[in-house]
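What follows is a single structure, written as structure tokens, with notes after it.
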Amino acid sequence: MKKFAFAIATTTLLAGLVAFAHDEQGATPQAPAAARPGATVATPRTTMPAAASHGTVAFGLTAVRQTELVTTYCATCHSERGKAGGLSLANFNAMRAQEHPEVIEKMIRKLRAGMMPPAGSKRPDAAAIEALTTALESRMDELASMSPNPGWRPFQRLNRAEYATAVKGLLGIDVDVSSFLPPDTLSNGFDNVADAQGFSPALMEGYLRAAGRIATLALGDPSSTPTEATYKVPRTQSQMEHIEGAPVGTRGGVSLVHVFPADGEYSFRVMLHAIPTGQLYGSIVRGEQIEISLNGQRVAVLDIDPRMSEEGVNGMNLQSPKVHVTAGPQRVSAAFLRQFEAPVDDILAPQDYTLADSQIGSGFGITTLPHVRDFSISGPFSVTGVSDTVSRRRVFSCRPTTLAEEAPCATDILGRMASQAYREPPTSGDVQTLFRFYEQGRKGADFEAGIQAALEALLASPRFVFRLEQPPAAARVGQTFQVADLDLASRLSFFLWGAGPDPELVRVATAGGLKTAAGVDKQVRRMLADPRADSLSTRFASQWLRLQDVDKIRPDALLFPYWDYTLAENLVHETQLFFASLVREDRSALDLLRADYTFVNERLARHYGIPNVMGPEFRRVQVPDERRGILGQASVLLLTSVADRTSPVQRGKWVMEVLLGSPPPAPPPNVPALDQTGGSKDGKNLSVRERMEQHRANPACMSCHRVIDPLGLALENFDVTGKWRIKDNEVPVDAVGELYDGTKMSGPAGLREALLKHQDAFLLSFTERLMTYALGRRVQPYDMPTVRRVIRDAGRQDYRLSAFVLGVVNSAAFRMSRVEGTDTTADR
Amino acid sequence: MFITQKHLSRRTALKSLGVTVALPFLEAMVPARTALAQTAAGGKLRLAAIEMVHGSAGSTAIGIQKHMWAPAATGRAFDLSPSSLAPLESLREHLTIVSNTDVRNAEAFELPEIGGDHFRSSAVFLTQSHPKQTQGSDVVAGTSLDQFYAQKVGHDTPIPSMQLCIESIDQAGGCAYGYSCVYTDTVSWASPKEPLPMIRDPRAAFDQLFGVGSTPAERAARRRRDKSILDFIASEVARLRRDLGPADQARLGEYLDDVREIERRIQKVEASNSSGDPRELPGAPVGVPDAFAEHVRLMFDLQAVAFASDITRVFSFKLGRDGSSRAYPESGVSAGFHPASHHQDREDRIRDFQKINTYHVAQLPYFLNKLKNTPDGERSLLDNTLVIYGSPMGNSNVHNHKRCPLIFAGHAGGQLKGGLHIKAADGTPMANPLLGAMHLLGLGDRAAFGDSTAAMDLNAAPEATAAL
């Protein structure tokens, strides 16, 4: 019966879509074939028969009965006076659902998650709840099908990540855009939500500076004057372990790819950390040396004087002699030569040789090692020219040898670059405009200077930094329209690759290949198979799961002496590899919760207690039952902890917000922190669980924490860093609890089963977030019918990730837009 | 809103590239007496808040007795010769000395805070608020005085405010005694939770203030290129707008405003460049100069020129890092700053420490004279500037925060008479004179600041007292 309901709802929606698409076409004549082919008013792309069943919501539950159920079981707490959760359902009337879609959607969400009515209160039987939920959903879906709303967002601009990817794609160099562009404002957890992307003079100037700097770096600058670039090394970066990219036989230090502007002499400076009184941190060990290497080749070895101090002439600096380096990106490392193998047997164990506390850096009994604080590259001194580099090869597709060849060559280069940067074939006017910059730059200088000037203009162009979508010429305010083929290509590629379309996609779009469902399907599958689809993991999933918060937690150095920066990096990488594998293998979205494998390297395997993993490369391993899925991954467990203890509340909140899509209400003001509840009582140690129970004795707290806490307490066997433990503060861990619906659960496996039991809520949350990221706007109540349809369709394909992606891509929200007047907001 | 965005940008920009060049010949660095008076800058009040760490020799018992910081007499007839303020003798008419105030919020309030003074003090100087002891990112202090002022006037200038420092900063992570390093690294706080990083590299500051390029010709070329690109962007935007829906048209219009804003800024720089004879300064080494005095002077040059051309009206400037053992051989003392500050109450060592204090104060006349010699409207830049110089620590030997150094220079647009030594009653919070200073800055609606008990009148000449 449920399945039947889905089918009807789907057809209803599609029928509606088709119907309104026809309307649109009738109302607006085809746009004249202008500069942007394909920007036409909506044309139907499905040929589903329009067998609609308007008006009736049958399924065994009449509107009267729905109203009765709500009045009986919900309105007692959600009364005019009580307004539990800020909601009154006292006057609920199912017949008038269309008047309050946001309330209905909220009800559906809580009912689907099994959160309402709460355990312990009077509840109808499960079948009645199911029937009510289905009826409400069908009603909303039907309403949507009668007046579909594709939504609208303002145009997007390239955020930091997209800008960097675009530059890398265009010129083959990595640039640190954080030095140019302001941080992106997150909205609903994502950095690409259009209406949160503000403008400011600083942004404008950032784009301008970036364009100038990147154009210079890409082509090299024979007239460049000496500059100094400084790279900081995190204090928590262990100096014991080998750093990725540094030569074998070294430990610690720093390894990076620096873009050198010209061939010439450069010098390198290493600054070491001092203890608070100014002497070298780690002065106990003698004879230490730092090796500077260029692409793995040693260029200098610097001796460390254990008596160096801030008072010295050179302070904490070690300076290399000048070294000749050629232009372009080169890997530079400054790392300690490894002179011992085994750990030192100390009186006190050091904190894995990180700088968690700088005061231990000179004490006897603790072997500390010098730490690199920052690394600077100065130059070029005495420039000798500019060698061939990856970006020069990419730009200079032709090299004029006579004056006559210059203009055609420049036109060719600029046309090609503009096509990629503007994400569509440039008009002749576009190329002419850039050519004028070429001429300006060429004047009094050479061909390359001309190209550089034009490249700079190209990078600063609004065509590059903004993703503008033109409505069809004849469309009026309020009308919806199908986005132009090339704009659709951009939407696809920014969704799946976090970057502009490749030539193939532009070609297909220009040839009308995205007009058919089969054509889109083919492109989506091609793009998902491409390595660039990793951005779904590094950008979408990372933001959804909040992996950036891992950086904000610094576990207490005394309790977790093994924790360091590299471990934190590895944890994030693990989760990203894991999600990427779900995409690549087109697995079920539910595997996010239940997969029996993950990715580890030696360091991480040691952390998890997995044997026989050697070396820094990540590989796929089977995990024991308690580590299955995302809830067993230390990244998530760490980012939901505080420095010196786990936080079941944070973990529970994370589960509710991220996995169930139902954020708990904010706590009332003036709640004391858990830290104010002591770690022991009556001489007995207390576990975090016991401290929490004391802490929330207040009944006002209990009503919410009864829901939040058990979700987190089920994960209490994982400590702050995600390591497995059986005791917390000497007290055996108790990971048993009761889910909000009354289900008993125990440990991570119990929580996993509980979540899988409420998979509807999980899939809803996942789909909503995927849509938010794909559309660049927050998902609104009017989008929920689409979300449900995507989930239903995906359900027929075992919830494979590609089914969600295709569902989103084929939705009206993704493929259509609306001509928006100035007096409306994006939330409408 | 507008200000917030600018703040964001500045913070990012500060992390900037990390690219520096030999500090170029700064054209129009300080135009000799020229037509600058006619520029828009005339009559606007500027603020430079300068912090030095480690208190002073004059805050010790012996130092008070021997007038090593605070002069013996209050009122106008004070004698600077025994004091670390002696280098300011020729500028005494522009000086308002407020002695004997305490920075109580830099004291330890709780057991674990004891001993952590070095890692807490700097966050208190301009906020007069007690920093939360944390090594995490959940730092809390207070909004700093310079930022209150920047929030008031910042939107009138291309850059709302700028933060400069001399010693290297170490952004993330714990420092010691359980304090985050940001408390040590900056004196400016946009809000109680928003520390603003400081720029150490004169070149990075220069690029932000005046544009990128290492020679005047390069910068001029850069500006020309920027202008033609801005023209290009403006015409592209105008063209693209036509084809968009009304809401997107409006959005693109906002961007056009920003384009115009940058154009205005370029014009301002050019106006100030053409207003004076380019004066050439010697080129500095690549990156940050090694010598303290050279570094400080470059930073002062930048502040003077930025004030003169009204690119910003607010600077905070941190001269040292707490706990730093940097040596200042030019002071005549070879011991590092921090070791010297723990003088064990021995008079000979206190005298050595005083030499270091004096050397630091001796950097000021360069800046003050520069401001004095730059016309600004009807008056000089010094007349229209309020300079604050002080330290949130008192007797560094015992890490106390009593009788801390604090002086004001300049006339705050004629509101501050100068030539005055005010000795506060014992136990007066430093927040009182700072609140008085905020009132001079037009922040008269502020009734309190940090632990202030009242706003001090910085012109109130006490009854002159003879030397004790």
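FYI, nothing fancy with the structure tokens labels: chains A, B, ... in order, residues from 1 per chain, ligands from 1 as they appear.
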With a cut-off of 7 Å, could you pull out the residues of chain A touching chain B and give me the nearest pair of atoms for each, distance in Å to one decimal, using only C-alpha atoms, ordered by chain and ascending number, as JSON lines?
```
{"residue": "A:Pro154", "atom": "CA", "partner": "B:Asp248", "partner_atom": "CA", "distance": 5.9}
{"residue": "A:Phe155", "atom": "CA", "partner": "B:Asp248", "partner_atom": "CA", "distance": 6.5}
{"residue": "A:Ser178", "atom": "CA", "partner": "B:Thr12", "partner_atom": "CA", "distance": 6.8}
{"residue": "A:Ser179", "atom": "CA", "partner": "B:Ser16", "partner_atom": "CA", "distance": 4.2}
{"residue": "A:Phe180", "atom": "CA", "partner": "B:Ala13", "partner_atom": "CA", "distance": 6.3}
{"residue": "A:Pro182", "atom": "CA", "partner": "B:Ser9", "partner_atom": "CA", "distance": 5.2}
{"residue": "A:Phe199", "atom": "CA", "partner": "B:Tyr255", "partner_atom": "CA", "distance": 6.3}
{"residue": "A:Ser200", "atom": "CA", "partner": "B:Asp258", "partner_atom": "CA", "distance": 6.1}
{"residue": "A:Pro201", "atom": "CA", "partner": "B:Asp258", "partner_atom": "CA", "distance": 4.6}
{"residue": "A:Ala202", "atom": "CA", "partner": "B:Ser9", "partner_atom": "CA", "distance": 5.3}
{"residue": "A:Met204", "atom": "CA", "partner": "B:Asp258", "partner_atom": "CA", "distance": 6.3}
{"residue": "A:Glu205", "atom": "CA", "partner": "B:Ile262", "partner_atom": "CA", "distance": 6.8}
{"residue": "A:Thr225", "atom": "CA", "partner": "B:Val21", "partner_atom": "CA", "distance": 6.9}
{"residue": "A:Pro226", "atom": "CA", "partner": "B:Val21", "partner_atom": "CA", "distance": 5.4}
{"residue": "A:Thr227", "atom": "CA", "partner": "B:Val21", "partner_atom": "CA", "distance": 4.1}
{"residue": "A:Glu228", "atom": "CA", "partner": "B:Thr20", "partner_atom": "CA", "distance": 4.7}
{"residue": "A:Ala229", "atom": "CA", "partner": "B:Val19", "partner_atom": "CA", "distance": 4.6}
{"residue": "A:Thr230", "atom": "CA", "partner": "B:Gly18", "partner_atom": "CA", "distance": 5.3}
{"residue": "A:Arg235", "atom": "CA", "partner": "B:Gly173", "partner_atom": "CA", "distance": 6.5}
{"residue": "A:Pro276", "atom": "CA", "partner": "B:Gly323", "partner_atom": "CA", "distance": 6.0}
{"residue": "A:Thr277", "atom": "CA", "partner": "B:Ser325", "partner_atom": "CA", "distance": 6.3}
{"residue": "A:Gly278", "atom": "CA", "partner": "B:Ser325", "partner_atom": "CA", "distance": 5.1}
{"residue": "A:Glu310", "atom": "CA", "partner": "B:Arg326", "partner_atom": "CA", "distance": 5.3}
{"residue": "A:Glu311", "atom": "CA", "partner": "B:Arg326", "partner_atom": "CA", "distance": 4.8}
{"residue": "A:Ala356", "atom": "CA", "partner": "B:Gly174", "partner_atom": "CA", "distance": 6.8}
{"residue": "A:Asp357", "atom": "CA", "partner": "B:Ala176", "partner_atom": "CA", "distance": 6.3}
{"residue": "A:Ser358", "atom": "CA", "partner": "B:Ala176", "partner_atom": "CA", "distance": 6.7}
{"residue": "A:Ala457", "atom": "CA", "partner": "B:Ile229", "partner_atom": "CA", "distance": 5.9}
{"residue": "A:Ser461", "atom": "CA", "partner": "B:Ile233", "partner_atom": "CA", "distance": 5.9}
{"residue": "A:Pro462", "atom": "CA", "partner": "B:Ile233", "partner_atom": "CA", "distance": 6.5}
{"residue": "A:Gln470", "atom": "CA", "partner": "B:Leu244", "partner_atom": "CA", "distance": 5.2}
{"residue": "A:Pro471", "atom": "CA", "partner": "B:Leu244", "partner_atom": "CA", "distance": 6.4}
{"residue": "A:Lys552", "atom": "CA", "partner": "B:Ser137", "partner_atom": "CA", "distance": 6.7}
{"residue": "A:Arg554", "atom": "CA", "partner": "B:Gly136", "partner_atom": "CA", "distance": 6.9}
{"residue": "A:Val819", "atom": "CA", "partner": "B:Gly245", "partner_atom": "CA", "distance": 5.3}
{"residue": "A:Glu820", "atom": "CA", "partner": "B:Ala247", "partner_atom": "CA", "distance": 5.5}
{"residue": "A:Gly821", "atom": "CA", "partner": "B:Pro246", "partner_atom": "CA", "distance": 5.0}
{"residue": "A:Thr822", "atom": "CA", "partner": "B:Ala247", "partner_atom": "CA", "distance": 4.4}
```
Any chance you can output those residues with C-alpha atoms as a CSV table (one decimal), in the first residue's frame?
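Everything below was put into again-v9.csv:
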```csv
chain,number,residue,atom,x,y,z
A,154,PRO,CA,20.5,34.9,-6.5
A,155,PHE,CA,23.4,34.3,-8.9
A,178,SER,CA,42.7,32.6,1.5
A,179,SER,CA,45.3,35.4,1.2
A,180,PHE,CA,43.0,37.2,-1.3
A,182,PRO,CA,37.4,36.9,2.4
A,199,PHE,CA,29.8,41.5,-1.7
A,200,SER,CA,32.2,44.1,-0.2
A,201,PRO,CA,34.9,46.3,-1.5
A,202,ALA,CA,37.3,43.9,0.1
A,204,MET,CA,36.2,43.2,-5.1
A,205,GLU,CA,39.7,44.2,-4.3
A,225,THR,CA,61.9,41.9,-7.4
A,226,PRO,CA,62.7,40.0,-4.2
A,227,THR,CA,59.8,39.1,-2.1
A,228,GLU,CA,59.5,36.9,1.0
A,229,ALA,CA,56.9,34.3,1.5
A,230,THR,CA,56.4,32.8,4.9
A,235,ARG,CA,52.7,23.9,16.7
A,276,PRO,CA,59.1,31.2,27.1
A,277,THR,CA,62.4,32.5,28.3
A,278,GLY,CA,63.9,32.7,24.8
A,310,GLU,CA,66.1,35.0,20.9
A,311,GLU,CA,68.8,37.2,22.4
A,356,ALA,CA,51.7,21.3,23.2
A,357,ASP,CA,53.5,23.0,26.1
A,358,SER,CA,56.6,25.1,25.3
A,457,ALA,CA,41.6,41.0,-17.1
A,461,SER,CA,36.1,39.5,-15.2
A,462,PRO,CA,32.6,39.1,-13.8
A,470,GLN,CA,20.1,34.8,-18.0
A,471,PRO,CA,16.4,34.3,-18.2
A,552,LYS,CA,39.0,23.4,16.3
A,554,ARG,CA,42.8,20.3,20.4
A,819,VAL,CA,12.6,35.6,-13.0
A,820,GLU,CA,12.8,37.3,-9.6
A,821,GLY,CA,11.6,40.8,-8.9
A,822,THR,CA,13.5,43.0,-6.5
```
Do a neighbour search on Thr250 in chain A at 6 Å with only C-alpha atoms, toss out local chain neighbours closer than 5 positions, and write the hits as a list in words.
-> Ala335, Phe336, Leu337 and Arg338 of chain A
Within 7 Å of range 342-351 of chain B using only C-alpha atoms, minus same-chain residues under 6 positions, as a PyMOL selection string = chain B and resi 57+396-397
Writer output for current selection, C-alpha atoms, as a PDB file, in the first residue's frame:
```pdb
ATOM      1  CA  ALA B  57      61.636  50.131  35.739  1.00  0.00           C
ATOM      2  CA  SER B 396      57.669  43.088  35.661  1.00  0.00           C
ATOM      3  CA  ASN B 397      59.926  41.522  38.239  1.00  0.00           C
TER       4      ASN B 397
END
```
Which of range 52-201 of chain B counts as strand (DSSP E) under DSSP, as number ranges by chain please?
-> B: 95-102, 162-165, 189-191, 194-195
Two-atom distance - CA of Ile630 in chain A, CA of Leu577 in chain A (Å) |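 These atoms are spaced 11.7 Å apart.
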Which one of B:Phe300, B:Phe125, B:Phe307, B:Phe206 sits closest to Pro160 in chain B if you count only C-alpha atoms?
->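 So, comparing all the options, the nearest one is B:Phe307.
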Surrounding residues of range 317-330 of chain A excluding itself and chain neighbours under 3 positions, 9 Å, only C-alpha atoms, as number ranges by chain | A: 173-174, 217-221, 256-272, 292, 294-295, 299-304, 308, 310, 314, 379-381, 384-392
Write to file, as a PDB file, in the first residue's frame, the residues of the selection just made, with C-alpha atoms.
```
ATOM      1  CA  ILE A 173      48.986  26.025 -10.272  1.00  0.00           C
ATOM      2  CA  ASP A 174      47.770  25.854  -6.697  1.00  0.00           C
ATOM      3  CA  LEU A 217      52.839  33.759 -11.112  1.00  0.00           C
ATOM      4  CA  ALA A 218      51.431  31.746 -13.987  1.00  0.00           C
ATOM      5  CA  LEU A 219      53.562  33.266 -16.702  1.00  0.00           C
ATOM      6  CA  GLY A 220      56.574  34.057 -14.570  1.00  0.00           C
ATOM      7  CA  ASP A 221      57.989  37.509 -14.190  1.00  0.00           C
ATOM      8  CA  LEU A 256      55.356  22.370   0.344  1.00  0.00           C
ATOM      9  CA  VAL A 257      55.021  23.363  -3.280  1.00  0.00           C
ATOM     10  CA  HIS A 258      56.027  26.948  -3.828  1.00  0.00           C
ATOM     11  CA  VAL A 259      55.478  28.802  -7.078  1.00  0.00           C
ATOM     12  CA  PHE A 260      58.694  30.615  -7.953  1.00  0.00           C
ATOM     13  CA  PRO A 261      58.097  33.705 -10.099  1.00  0.00           C
ATOM     14  CA  ALA A 262      61.351  33.551 -12.088  1.00  0.00           C
ATOM     15  CA  ASP A 263      64.642  31.725 -12.490  1.00  0.00           C
ATOM     16  CA  GLY A 264      67.108  33.192 -10.059  1.00  0.00           C
ATOM     17  CA  GLU A 265      68.674  32.936  -6.665  1.00  0.00           C
ATOM     18  CA  TYR A 266      66.541  32.370  -3.629  1.00  0.00           C
ATOM     19  CA  SER A 267      67.355  31.930   0.014  1.00  0.00           C
ATOM     20  CA  PHE A 268      65.524  29.947   2.643  1.00  0.00           C
ATOM     21  CA  ARG A 269      65.041  30.785   6.290  1.00  0.00           C
ATOM     22  CA  VAL A 270      63.920  28.420   9.014  1.00  0.00           C
ATOM     23  CA  MET A 271      62.709  29.854  12.279  1.00  0.00           C
ATOM     24  CA  LEU A 272      62.669  27.554  15.293  1.00  0.00           C
ATOM     25  CA  ILE A 292      66.725  22.144   2.785  1.00  0.00           C
ATOM     26  CA  LEU A 294      64.407  21.208  -3.716  1.00  0.00           C
ATOM     27  CA  ASN A 295      62.349  18.523  -5.451  1.00  0.00           C
ATOM     28  CA  VAL A 299      70.541  22.195  -1.504  1.00  0.00           C
ATOM     29  CA  ALA A 300      71.680  23.076   2.000  1.00  0.00           C
ATOM     30  CA  VAL A 301      72.246  21.595   5.449  1.00  0.00           C
ATOM     31  CA  LEU A 302      71.900  23.954   8.388  1.00  0.00           C
ATOM     32  CA  ASP A 303      73.424  23.162  11.778  1.00  0.00           C
ATOM     33  CA  ILE A 304      71.377  23.904  14.862  1.00  0.00           C
ATOM     34  CA  MET A 308      70.743  29.644  20.072  1.00  0.00           C
ATOM     35  CA  GLU A 310      66.062  34.997  20.929  1.00  0.00           C
ATOM     36  CA  ASN A 314      69.947  36.071  14.383  1.00  0.00           C
ATOM     37  CA  GLY A 379      63.938  35.996  -3.767  1.00  0.00           C
ATOM     38  CA  PRO A 380      64.502  36.120  -6.603  1.00  0.00           C
ATOM     39  CA  PHE A 381      67.858  37.798  -6.390  1.00  0.00           C
ATOM     40  CA  THR A 384      68.227  34.990 -15.061  1.00  0.00           C
ATOM     41  CA  GLY A 385      64.968  34.493 -16.932  1.00  0.00           C
ATOM     42  CA  VAL A 386      61.854  32.381 -16.841  1.00  0.00           C
ATOM     43  CA  SER A 387      62.033  28.689 -17.642  1.00  0.00           C
ATOM     44  CA  ASP A 388      59.243  26.660 -19.078  1.00  0.00           C
ATOM     45  CA  THR A 389      56.602  25.860 -16.488  1.00  0.00           C
ATOM     46  CA  VAL A 390      53.389  23.895 -16.420  1.00  0.00           C
ATOM     47  CA  SER A 391      51.248  27.006 -16.623  1.00  0.00           C
ATOM     48  CA  ARG A 392      53.293  28.526 -19.443  1.00  0.00           C
TER      49      ARG A 392
END
```
What are the DSSP helix (DSSP H, G or I) residues of range 305-446 of chain B, as a short mmCIF file (atom, residue, chain, number, x, y, z; two decimals) with C-alpha atoms, in the first residue's frame?
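File result-v1.cif, as written:
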```
data_model
loop_
_atom_site.label_atom_id
_atom_site.label_comp_id
_atom_site.auth_asym_id
_atom_site.auth_seq_id
_atom_site.Cartn_x
_atom_site.Cartn_y
_atom_site.Cartn_z
CA VAL B 305 51.55 58.56 5.50
CA ALA B 306 48.31 56.65 5.96
CA PHE B 307 47.12 59.35 8.34
CA ALA B 308 48.23 62.10 5.98
CA PRO B 329 72.07 46.25 22.03
CA GLU B 330 71.54 49.88 20.94
CA SER B 331 70.08 50.55 24.38
CA PHE B 337 64.27 42.08 27.40
CA HIS B 338 62.57 39.41 29.47
CA PRO B 339 65.59 38.41 31.57
CA ALA B 340 66.31 42.10 32.12
CA SER B 341 62.74 42.65 33.25
CA GLU B 347 69.15 48.65 41.64
CA ASP B 348 71.91 48.11 39.09
CA ARG B 349 69.72 45.73 37.15
CA ILE B 350 66.71 48.01 37.46
CA ARG B 351 68.84 50.76 35.97
CA ASP B 352 69.74 48.46 33.08
CA PHE B 353 66.08 47.67 32.57
CA GLN B 354 65.31 51.38 32.57
CA LYS B 355 67.78 51.84 29.71
CA ILE B 356 65.72 49.44 27.67
CA ASN B 357 62.51 51.33 28.55
CA THR B 358 64.18 54.58 27.57
CA TYR B 359 65.34 53.08 24.30
CA HIS B 360 61.77 52.07 23.48
CA VAL B 361 60.39 55.51 24.31
CA LEU B 364 58.52 57.86 19.61
CA PRO B 365 60.01 61.27 18.73
CA TYR B 366 60.60 60.11 15.17
CA PHE B 367 56.89 59.49 14.77
CA LEU B 368 55.67 62.48 16.75
CA ASN B 369 57.95 64.87 14.87
CA LYS B 370 56.81 63.42 11.62
CA LEU B 371 53.20 64.09 12.59
CA LYS B 372 54.14 67.53 13.87
CA ALA B 412 43.19 65.07 19.63
CA GLY B 413 41.97 67.88 17.39
CA GLY B 414 42.75 70.55 19.94
CA ALA B 431 40.46 52.22 32.22
CA ASN B 432 39.64 55.69 33.64
CA PRO B 433 42.12 57.69 31.54
CA LEU B 434 41.38 55.41 28.58
CA LEU B 435 37.69 56.16 28.96
CA GLY B 436 38.61 59.84 29.08
CA ALA B 437 40.52 59.31 25.84
CA MET B 438 37.50 57.62 24.28
CA HIS B 439 35.43 60.66 25.10
CA LEU B 440 38.00 62.81 23.29
#
```
Just give me the gap between CA of Arg200 in chain B and CA of Val187 in chain B in Å, one decimal is fine.
-> 13.4 Å
Just the residues within 12 Å of Phe396 in chain A, please, counting only C-alpha atoms, with nothing from its chain fewer than 5 positions along; format it as a PyMOL selection string.
-> chain A and resi 171+218-219+388-391+406+409-414+416-417+447-448+451-452+455
